[in-house]
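Here the structure comes first, spelled out in structure tokens, and everything after it is commentary.
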Amino acid sequence: MEAIDTLKGHGPKDFEDLVLSCGEIILDQANLEKDKVKARKLLKEKLADGSALEALNKLIIGQGGDPEVTYDIANLPLAAGLTEVLSPVDGYVEEIDPLKLGLLSADLGAGRKEVGQAIDHGTGFLLIKKPGDYVKKNYPLILIYHSKDLRPGFVSDLISAYKFGDEKPAERTLIYDHIF
């Protein structure tokens with residue numbers, strides 16, 4: 001959902017920044033644009049004029065999927081189960097452990113634990129609060145979309161992926177460096 005919203009020009013800023021940063025690297029490696037400022041400008045133009053969204057449509061068609069999902073995200077598969085996880089404390093989200101989140105998403109079926117395992121495309125997480133956000137106790141922290149009952153302890157395992165603090169953490173970059 002975030003990817004499609006971003007390609008339509010109204011996605012979350014942190015995700016858009018990640019997409020643009022990765023795009024800069026791709027344009028550089030493909031020898032299409034070495035200058036990061038020019039690359040970012042070109043990428044923003046592609047987002048604004050709809051050609052980035054059209055490229056996703058072509059990719060979806062090439063993979064045998066339904067391109068209608070890019071026009072209306074209601075066409076995306078969505079698991080019937082929805083569990084809202086509330087914050088256990090007042091405070092700032094300092095960090096979220098990505099490994100724990102990834103392993104827990106695989107438990108839902110949103111990823112594979114073994115080669116050949118089927119993926120349930122309707123399952124996953126929607127992060128309501130991200131690092132740097134303030135959350136009040138008993139207010140929504142994250143949504144879980146699931147097709148089967150959650151195992152005992154799943155929600156507490158998910159909450160343990162979060163680290164909370166009393167002070168707003170320093171803003172961090174999403175990409176520190178690349179190794180090529």
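Each chain of the structure tokens is named A, B, ... in the order shown, its residues numbered from 1; ligands are numbered from 1 in display order.
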
Mind checking which residues fall within 10 Å of A:Pro88, counting only C-alpha atoms, ignoring those fewer than 5 positions away in the same chain, and posting them as a PDB file with N, CA and C atoms, in the first residue's frame?
```pdb
ATOM      1  N   VAL A 135       3.776   8.101  21.341  1.00  0.00           N
ATOM      2  CA  VAL A 135       2.552   7.313  21.464  1.00  0.00           C
ATOM      3  C   VAL A 135       2.118   7.315  22.925  1.00  0.00           C
ATOM      4  N   LYS A 136       0.813   7.381  23.127  1.00  0.00           N
ATOM      5  CA  LYS A 136       0.263   7.306  24.475  1.00  0.00           C
ATOM      6  C   LYS A 136      -0.078   5.859  24.799  1.00  0.00           C
ATOM      7  N   LYS A 137      -0.001   5.527  26.062  1.00  0.00           N
ATOM      8  CA  LYS A 137      -0.374   4.189  26.517  1.00  0.00           C
ATOM      9  C   LYS A 137      -1.811   3.900  26.082  1.00  0.00           C
ATOM     10  N   ASN A 138      -2.013   2.665  25.599  1.00  0.00           N
ATOM     11  CA  ASN A 138      -3.315   2.171  25.146  1.00  0.00           C
ATOM     12  C   ASN A 138      -3.831   2.849  23.876  1.00  0.00           C
ATOM     13  N   TYR A 139      -2.929   3.506  23.142  1.00  0.00           N
ATOM     14  CA  TYR A 139      -3.273   4.042  21.825  1.00  0.00           C
ATOM     15  C   TYR A 139      -2.655   3.135  20.764  1.00  0.00           C
ATOM     16  N   PRO A 140      -3.213   3.136  19.539  1.00  0.00           N
ATOM     17  CA  PRO A 140      -2.725   2.219  18.500  1.00  0.00           C
ATOM     18  C   PRO A 140      -1.239   2.393  18.181  1.00  0.00           C
ATOM     19  N   LEU A 141      -0.567   1.266  18.088  1.00  0.00           N
ATOM     20  CA  LEU A 141       0.859   1.217  17.791  1.00  0.00           C
ATOM     21  C   LEU A 141       1.094   0.590  16.417  1.00  0.00           C
ATOM     22  N   SER A 156       2.644 -10.060  22.337  1.00  0.00           N
ATOM     23  CA  SER A 156       3.725  -9.646  23.249  1.00  0.00           C
ATOM     24  C   SER A 156       5.088  -9.746  22.559  1.00  0.00           C
ATOM     25  N   ILE A 159       5.295  -6.589  20.475  1.00  0.00           N
ATOM     26  CA  ILE A 159       5.588  -5.416  21.306  1.00  0.00           C
ATOM     27  C   ILE A 159       7.059  -5.412  21.736  1.00  0.00           C
ATOM     28  N   PHE A 164      11.001   1.799  23.652  1.00  0.00           N
ATOM     29  CA  PHE A 164      10.388   3.082  23.962  1.00  0.00           C
ATOM     30  C   PHE A 164      11.304   3.898  24.866  1.00  0.00           C
TER      31      PHE A 164
END
```

List as a ChimeraX atom specification the protein and nucleic acid residues near A:Glu94, meaning an atom at most 9 Å away when only C-alpha atoms are counted, but skip any in the same chain fewer than 2 places from it.
/A:91-92,96,130-133,162-165,167-170

Write a file of the selected residues as a compact mmCIF listing (two decimals), in the first residue's frame, keeping N, CA and C atoms.
```txt
# COMPACT_ATOMS: atom_id res chain seq x y z
N GLY A 91 5.27 7.27 25.61
CA GLY A 91 6.66 7.56 25.28
C GLY A 91 6.91 7.61 23.79
N TYR A 92 8.18 7.79 23.47
CA TYR A 92 8.60 7.84 22.07
C TYR A 92 9.04 6.46 21.61
N ILE A 96 12.62 0.04 16.29
CA ILE A 96 11.87 -1.20 16.08
C ILE A 96 12.86 -2.20 15.52
N LYS A 130 6.09 4.99 14.20
CA LYS A 130 7.43 4.63 13.73
C LYS A 130 8.46 5.31 14.63
N PRO A 131 9.72 4.94 14.50
CA PRO A 131 10.75 5.59 15.33
C PRO A 131 10.69 7.12 15.24
N GLY A 132 10.71 7.74 16.42
CA GLY A 132 10.62 9.19 16.53
C GLY A 132 9.22 9.67 16.86
N ASP A 133 8.22 8.81 16.69
CA ASP A 133 6.83 9.19 16.99
C ASP A 133 6.54 9.02 18.48
N TYR A 162 9.67 -3.41 19.85
CA TYR A 162 9.71 -1.95 20.04
C TYR A 162 10.54 -1.58 21.26
N LYS A 163 11.28 -0.49 21.12
CA LYS A 163 12.00 0.10 22.25
C LYS A 163 11.43 1.50 22.43
N PHE A 164 11.00 1.80 23.65
CA PHE A 164 10.39 3.08 23.96
C PHE A 164 11.30 3.90 24.87
N GLY A 165 11.15 5.22 24.82
CA GLY A 165 11.92 6.10 25.68
C GLY A 165 11.13 7.34 26.02
N GLU A 167 12.38 10.47 25.84
CA GLU A 167 12.77 11.63 25.03
C GLU A 167 12.79 11.26 23.56
N LYS A 168 12.45 12.25 22.75
CA LYS A 168 12.44 12.03 21.30
C LYS A 168 13.86 11.68 20.84
N PRO A 169 13.98 10.55 20.14
CA PRO A 169 15.31 10.16 19.68
C PRO A 169 15.79 11.07 18.54
N ALA A 170 17.08 11.14 18.37
CA ALA A 170 17.64 11.91 17.26
C ALA A 170 17.17 11.28 15.95
```

To test your reading of the structure, identify every residue in chain A that backbone DSSP assigns to strand (DSSP E or B), and report it as a PyMOL selection string.
chain A and resi 81-86+91-96+124-127+134-135+140-146+162-165

9 Å contact set for A:Arg40, only C-alpha atoms, chain neighbours under 5 positions out, as a ChimeraX atom specification:
/A:20-21,23-24,35,45

Output file for the residues above (N, CA and C atoms, as a CSV table (one decimal), in the first residue's frame):
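Produced file out18.csv, reproduced below:
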```
chain,number,residue,atom,x,y,z
A,20,LEU,N,13.7,7.2,-3.3
A,20,LEU,CA,14.5,8.1,-4.0
A,20,LEU,C,16.0,7.8,-3.8
A,21,SER,N,16.4,7.5,-2.6
A,21,SER,CA,17.8,7.2,-2.4
A,21,SER,C,18.2,5.9,-3.1
A,23,GLY,N,16.8,4.8,-5.8
A,23,GLY,CA,16.8,5.2,-7.2
A,23,GLY,C,18.0,5.9,-7.7
A,24,GLU,N,18.5,6.8,-6.8
A,24,GLU,CA,19.8,7.4,-7.1
A,24,GLU,C,20.9,6.4,-7.3
A,35,ASP,N,25.2,12.2,-11.1
A,35,ASP,CA,25.0,13.4,-10.2
A,35,ASP,C,23.7,13.1,-9.3
A,45,GLU,N,10.4,13.8,-10.8
A,45,GLU,CA,9.6,14.1,-12.0
A,45,GLU,C,8.8,12.9,-12.4
```

Within 12 Å of A:Val69 using only C-alpha atoms, minus same-chain residues under 2 positions, as a short mmCIF file (atom, residue, chain, number, x, y, z; two decimals) with N, CA and C atoms, in the first residue's frame:
```
data_model
loop_
_atom_site.label_atom_id
_atom_site.label_comp_id
_atom_site.auth_asym_id
_atom_site.auth_seq_id
_atom_site.Cartn_x
_atom_site.Cartn_y
_atom_site.Cartn_z
N MET A 1 0.82 -1.19 0.00
CA MET A 1 0.00 0.00 0.00
C MET A 1 0.87 1.25 0.00
N ALA A 3 3.87 1.60 -1.13
CA ALA A 3 4.55 1.75 -2.42
C ALA A 3 3.62 2.39 -3.45
N ILE A 4 2.40 1.92 -3.53
CA ILE A 4 1.45 2.47 -4.50
C ILE A 4 1.12 3.92 -4.14
N ASP A 5 0.88 4.18 -2.86
CA ASP A 5 0.61 5.56 -2.44
C ASP A 5 1.79 6.47 -2.77
N LEU A 53 4.41 5.11 -11.71
CA LEU A 53 3.25 4.24 -11.47
C LEU A 53 2.98 3.37 -12.69
N GLU A 54 3.12 3.93 -13.87
CA GLU A 54 2.92 3.16 -15.10
C GLU A 54 3.97 2.04 -15.21
N LEU A 56 5.27 0.45 -12.72
CA LEU A 56 4.80 -0.61 -11.82
C LEU A 56 3.71 -1.43 -12.50
N ASN A 57 2.79 -0.76 -13.18
CA ASN A 57 1.73 -1.48 -13.90
C ASN A 57 2.33 -2.48 -14.88
N ILE A 60 3.72 -5.44 -13.02
CA ILE A 60 2.64 -6.31 -12.52
C ILE A 60 2.07 -7.16 -13.65
N ILE A 61 1.83 -6.54 -14.80
CA ILE A 61 1.31 -7.28 -15.96
C ILE A 61 2.30 -8.35 -16.39
N GLY A 65 0.04 -10.40 -12.87
CA GLY A 65 -0.83 -9.85 -11.83
C GLY A 65 -1.89 -8.92 -12.38
N ASP A 66 -2.69 -8.39 -11.49
CA ASP A 66 -3.79 -7.49 -11.84
C ASP A 66 -3.34 -6.04 -11.63
N PRO A 67 -3.15 -5.29 -12.72
CA PRO A 67 -2.68 -3.91 -12.58
C PRO A 67 -3.72 -2.98 -11.96
N TYR A 71 -4.63 1.35 -9.28
CA TYR A 71 -5.65 2.39 -9.39
C TYR A 71 -6.54 2.44 -8.15
N ASP A 72 -6.71 1.30 -7.52
CA ASP A 72 -7.56 1.23 -6.32
C ASP A 72 -6.98 0.15 -5.41
N ILE A 73 -6.36 0.57 -4.31
CA ILE A 73 -5.71 -0.40 -3.43
C ILE A 73 -6.70 -1.33 -2.75
N ALA A 74 -8.00 -1.03 -2.88
CA ALA A 74 -9.00 -1.96 -2.36
C ALA A 74 -8.96 -3.27 -3.14
N ASN A 75 -8.32 -3.28 -4.31
CA ASN A 75 -8.18 -4.50 -5.10
C ASN A 75 -7.03 -5.38 -4.60
N LEU A 76 -6.25 -4.88 -3.66
CA LEU A 76 -5.18 -5.69 -3.08
C LEU A 76 -5.78 -6.74 -2.15
N PRO A 77 -5.17 -7.92 -2.09
CA PRO A 77 -5.67 -8.91 -1.13
C PRO A 77 -5.45 -8.41 0.29
N LEU A 78 -6.42 -8.64 1.15
CA LEU A 78 -6.31 -8.22 2.54
C LEU A 78 -6.90 -9.30 3.43
#
```

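The spacing separating atom CA of A:Gly153 from atom CA of A:Asp90 amounts to 21.7 Å.
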
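Note that the spacing between atom CA of A:Gly11 and atom CA of A:Phe125 amounts to 16.2 Å.
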
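When the distance limit is 10 Å and only C-alpha atoms are what count, the residues near A:Gly124, minus those fewer than 6 positions from it on the same chain, are A:Leu78, A:Ala79, A:Leu82, A:Leu101, A:Gly102, A:Leu104, A:Ser105, A:Ala106, A:Asp107, A:Leu108, A:Gly109, A:Ala110, A:Gly111, A:Leu143, A:Ile144, A:Tyr145, A:His146, A:Ser147.
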
Using C-alpha atoms, can you write the selected residues to a file as a PDB file, in the first residue's frame?
```pdb
ATOM      1  CA  LEU A  78      -6.305  -8.219   2.536  1.00  0.00           C
ATOM      2  CA  ALA A  79      -6.555 -10.814   5.276  1.00  0.00           C
ATOM      3  CA  LEU A  82      -7.342  -7.486  11.957  1.00  0.00           C
ATOM      4  CA  LEU A 101       9.410  -7.773  12.755  1.00  0.00           C
ATOM      5  CA  GLY A 102      10.513  -9.798   9.728  1.00  0.00           C
ATOM      6  CA  LEU A 104       6.960 -12.304  12.987  1.00  0.00           C
ATOM      7  CA  SER A 105       5.663 -11.330   9.549  1.00  0.00           C
ATOM      8  CA  ALA A 106       6.847 -14.720   8.273  1.00  0.00           C
ATOM      9  CA  ASP A 107       4.816 -16.309  11.117  1.00  0.00           C
ATOM     10  CA  LEU A 108       1.752 -14.598   9.624  1.00  0.00           C
ATOM     11  CA  GLY A 109       2.555 -15.977   6.181  1.00  0.00           C
ATOM     12  CA  ALA A 110       3.758 -12.652   4.763  1.00  0.00           C
ATOM     13  CA  GLY A 111       7.182 -14.169   4.128  1.00  0.00           C
ATOM     14  CA  LEU A 143      -2.094  -3.185  13.019  1.00  0.00           C
ATOM     15  CA  ILE A 144      -1.773  -6.891  12.278  1.00  0.00           C
ATOM     16  CA  TYR A 145      -3.531  -8.287   9.213  1.00  0.00           C
ATOM     17  CA  HIS A 146      -3.819 -12.069   9.624  1.00  0.00           C
ATOM     18  CA  SER A 147      -5.608 -14.994   7.966  1.00  0.00           C
TER      19      SER A 147
END
```

Tell me, which residues of stretch 3-124 of chain A carry DSSP helix (DSSP H, G or I), written as a PyMOL selection string?
chain A and resi 3-7+13-29+36-48+51-62+67-70+73-75+98-108
